[in-house]
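Colleague: Got a structure for you, questions after.
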Amino acid sequence: MAALRRKFGEDYQVVSTNRGASFPSAPVKKKRQRFVEKNGRCNVQHGNLGGETSRYLSDLFTTLVDLKWRWNLLIFILTYTIAWLVMASMWWIIAYIRGDLNHGHDASYTPCVANVYNFPSAFLFFIETEATIGYGYRYITEKCPEGIILFLFQSLLGSIVDAFLIGCMFIKMSQPKKRAETLMFSQDAVISQRDGKLCLMFRVGNLRNSHMVSAQIRCKLIKSRQTPEGEFLPLDQCELDVGFGTGADQLFLVSPLTICHEINPKSPFFDLSQCSLMNEQFEIVVILEGIVETTGMTCQARTSYTEDEVLWGHRFLPVMSLEEGFFRVDYSQFHSTFEVPTPPYSVKEYEEKSSLPSPLVTLHRERVISMDCLEAGDEGAHSGSASCKLPTKLQKMSSSGREDLQRKVLRLSSQQYEKASSTGDLPLKLQRLSSSPGQVDGEARFHLKALKVGFQPMAMSTGDLHQRSLPPTPAAIPTHPHGPPHTPGGRPEDNLPAKLRKMNADR
């Protein structure tokens with residue numbers, strides 16, 4: 001116990017699953033009728049067949065195989081005894097009709113069967129013929145055609161009887177039902193969490209070294225229910241998923257395996273909790289099928305778990321250990337379980353609780369939405385605040401509309417910039433140039449480039465946009481004090497700074 005606590009923690013407690021132990025505090029529950037026994041026998045009897053009994057005779061071979069061993073042995077002995085007596089009587093009748101019984105010790109007389117002069121001798125002749133012993137003392141002569149015909153009939157009938165009865169006994173002896181005795185199922189099923197999910201689990205094992213080829217496991221839930229139309233379905237069968245979609249139902253049964261059924265919205269145990277488990281009435285039938293490796297015949301092992309054999313909040317003890325050069329399986333702990341912390345409520349209740357919105361999460365979402373609205377408001381004063389309240393699809397439509405409008409404005413401003421800008425919108429030096437008399441040469445004309453106009457400064461003038469977009473120009477370089485003074489009648493380029501004049505000269 002101390003070693004187990006050190007291995008699994010102080011919160012875990014090993015639970016004995018011995019049904020013989022009695023607990024005074026636990027309420028005694030009346031044992032109800034099972035649909036499938038623990039050994040796999042189906043607790044169903046067929047009655048009131050009426051005229052359907054003849055169907056068993058139409059499949060006589062299967063009927064004999066399904067009988068118990070005592071009835072098979074009785075039929076086997078009676079069949080051969082009756083056949084021997086009947087055939088011996090027929091040989092005795094032939095000898096009686098021909099008068100061979102009266103000339104049994106006459107050496108000059110030729111009988112149908114030599115040395116047959118009473119019923120015991122006729123019976124011995126038949127046994128020697130049927131078993132092909134052939135002592136050589138009793139034999140058929142050539143002067144008895146009826147004996148030859150009876151001999152042929154005896155050979156054919158004996159072959160049929162031998163094939164039927166010996167084949168029946170061989171099939172019954174080689175049935176894989178006894179192979180299922182070495183396939184073990186855990187005494188109880190458990191419900192606990194695995195990988196963060198609530199699961200129903202049980203354990204299977206193989207006691208033999210020979211493998212089960214293509215082993216597959218299935219689970220059925222047997223439970224009575226009533227349909228919405230009012231129809232009552234007794235012992236309704238429902239499939240339990242044990243990994244059919246993932247291939248987990250295909251077993252490599254070399255060591256004990258734990259079969260897991262995940263309880264999810266598709267499971268019939270979706271609303272099963274620890275409290276409701278005490279009031280439920282159901283039965284889980286487990287079917288393990290596989291091919292016996294030594295005989296190649298299909299074997300099926302069955303068991304069942306009722307609601308009182310399902311332990312909530314338990315887990316199976318490990319039975320595998322690593323030894324020197326091999327793995328060891330301890331079957332003394334095969335049925336043992338220990339308690340683990342498990343939520344007492346159902347998966348349905350857990351999902352309902354987790355789907356409820358939290359106040360902190362709601363407040364955080366409101367703050368995120370308000371910040372998004374503020375950012376959108378910075379981008380567009382009028383459209384941003386309205387789009388925050390719109391659905392996502394309408395926000396995309398409004399944003400695309402704004403982009404189209406911006407493209408149109410840029411196109412108009414780049415094509416007709418000189419026409420759209422007034423003299424008052426131009427920079428101060430450009431105003432002086434435009435106000436000076438005369439036409440400016442083409443080489444000295446400033447070619448204005450298209451500016452990137454956002455959606456926000458639509459109300460500003462084009463000159464202000466140009467003035468914002470231009471980088472800060474350095475201070476004007478003063479002219480040489482001894483240079484020629486500016487005359488109002490000079491060229492307009494003389495009024496420009498030296499750097500601009502140099503640029504115009506290069507162009």
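Ligands are numbered from 1 in the order shown, chains are lettered A, B, ... in the order of the structure tokens, and residues start at 1 in each chain.
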Do you know which residues are at most 6 Å from Ala189 (chain A) counting only C-alpha atoms, after dropping those on the same chain fewer than 5 positions away, and could you put them as a list in words?
Modeller: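 Contacts, with the query itself left out: Met201, Phe202 and Val310 of chain A.
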Colleague: Region 45-176 of chain A: which residues are alpha helix (DSSP H) by DSSP, as a PyMOL selection string?
Modeller: chain A and resi 54-58+60-66+69-98+119-130+145-173
Colleague: Taking into account only C-alpha atoms, which residue in the set A:His261, A:Arg138, A:Lys348, A:Lys266 is nearest to Gln193 (chain A)?
Modeller: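 Using only C-alpha atoms, Gln193 (chain A) sits closest to A:His261.
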Colleague: Leaving out Ile191 (chain A) and any residue of its chain fewer than 2 positions from it, which residues lie within 6 Å of it when counting only C-alpha atoms, given as number ranges by chain?
Modeller: A: 199-200, 312-313
Colleague: Identify, on the basis of only C-alpha atoms, every residue whose closest approach to Val347 (chain A) does not exceed 10 Å; exclude the query and any residue fewer than 3 positions from it along the same chain; express the result as an MDAnalysis selection string.
Modeller: chainID A and resid 197:198 263:265 269:273 343:344 350:353
Colleague: If I take CA of Ala83 (chain A) and CA of Arg98 (chain A), how far is one from the other in Å, to one decimal?
Modeller: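 These atoms are spaced 23.0 Å apart.
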Colleague: Quick one: pick out all strand (DSSP E) residues within region 172-236 of chain A from a backbone DSSP run and write them as an MDAnalysis selection string.
Modeller: chainID A and resid 183:185 189:194 197:206 212:226 232:236
Colleague: Could you check the closest approach to Tyr139 (chain A) for each of A:Phe119, A:Phe151, A:Phe125, A:Tyr109 and tell me which residue wins, using only C-alpha atoms?
Modeller: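 Closest residue, counting only C-alpha atoms: A:Phe125.
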Colleague: Near region 299-307 of chain A, within 9 Å and counting only C-alpha atoms, which residues show up once chain neighbours fewer than 5 positions away are dropped, as an NGL selection string?
Modeller: :A and (34-41 or 175-177 or 179-181 or 183-185 or 187-189 or 212 or 277-292)
Colleague: Which residue, A:Lys220, A:Ser214, A:Arg32, A:Phe123, has the smallest gap to Asp308 (chain A) when you use only C-alpha atoms?
Modeller: A:Arg32
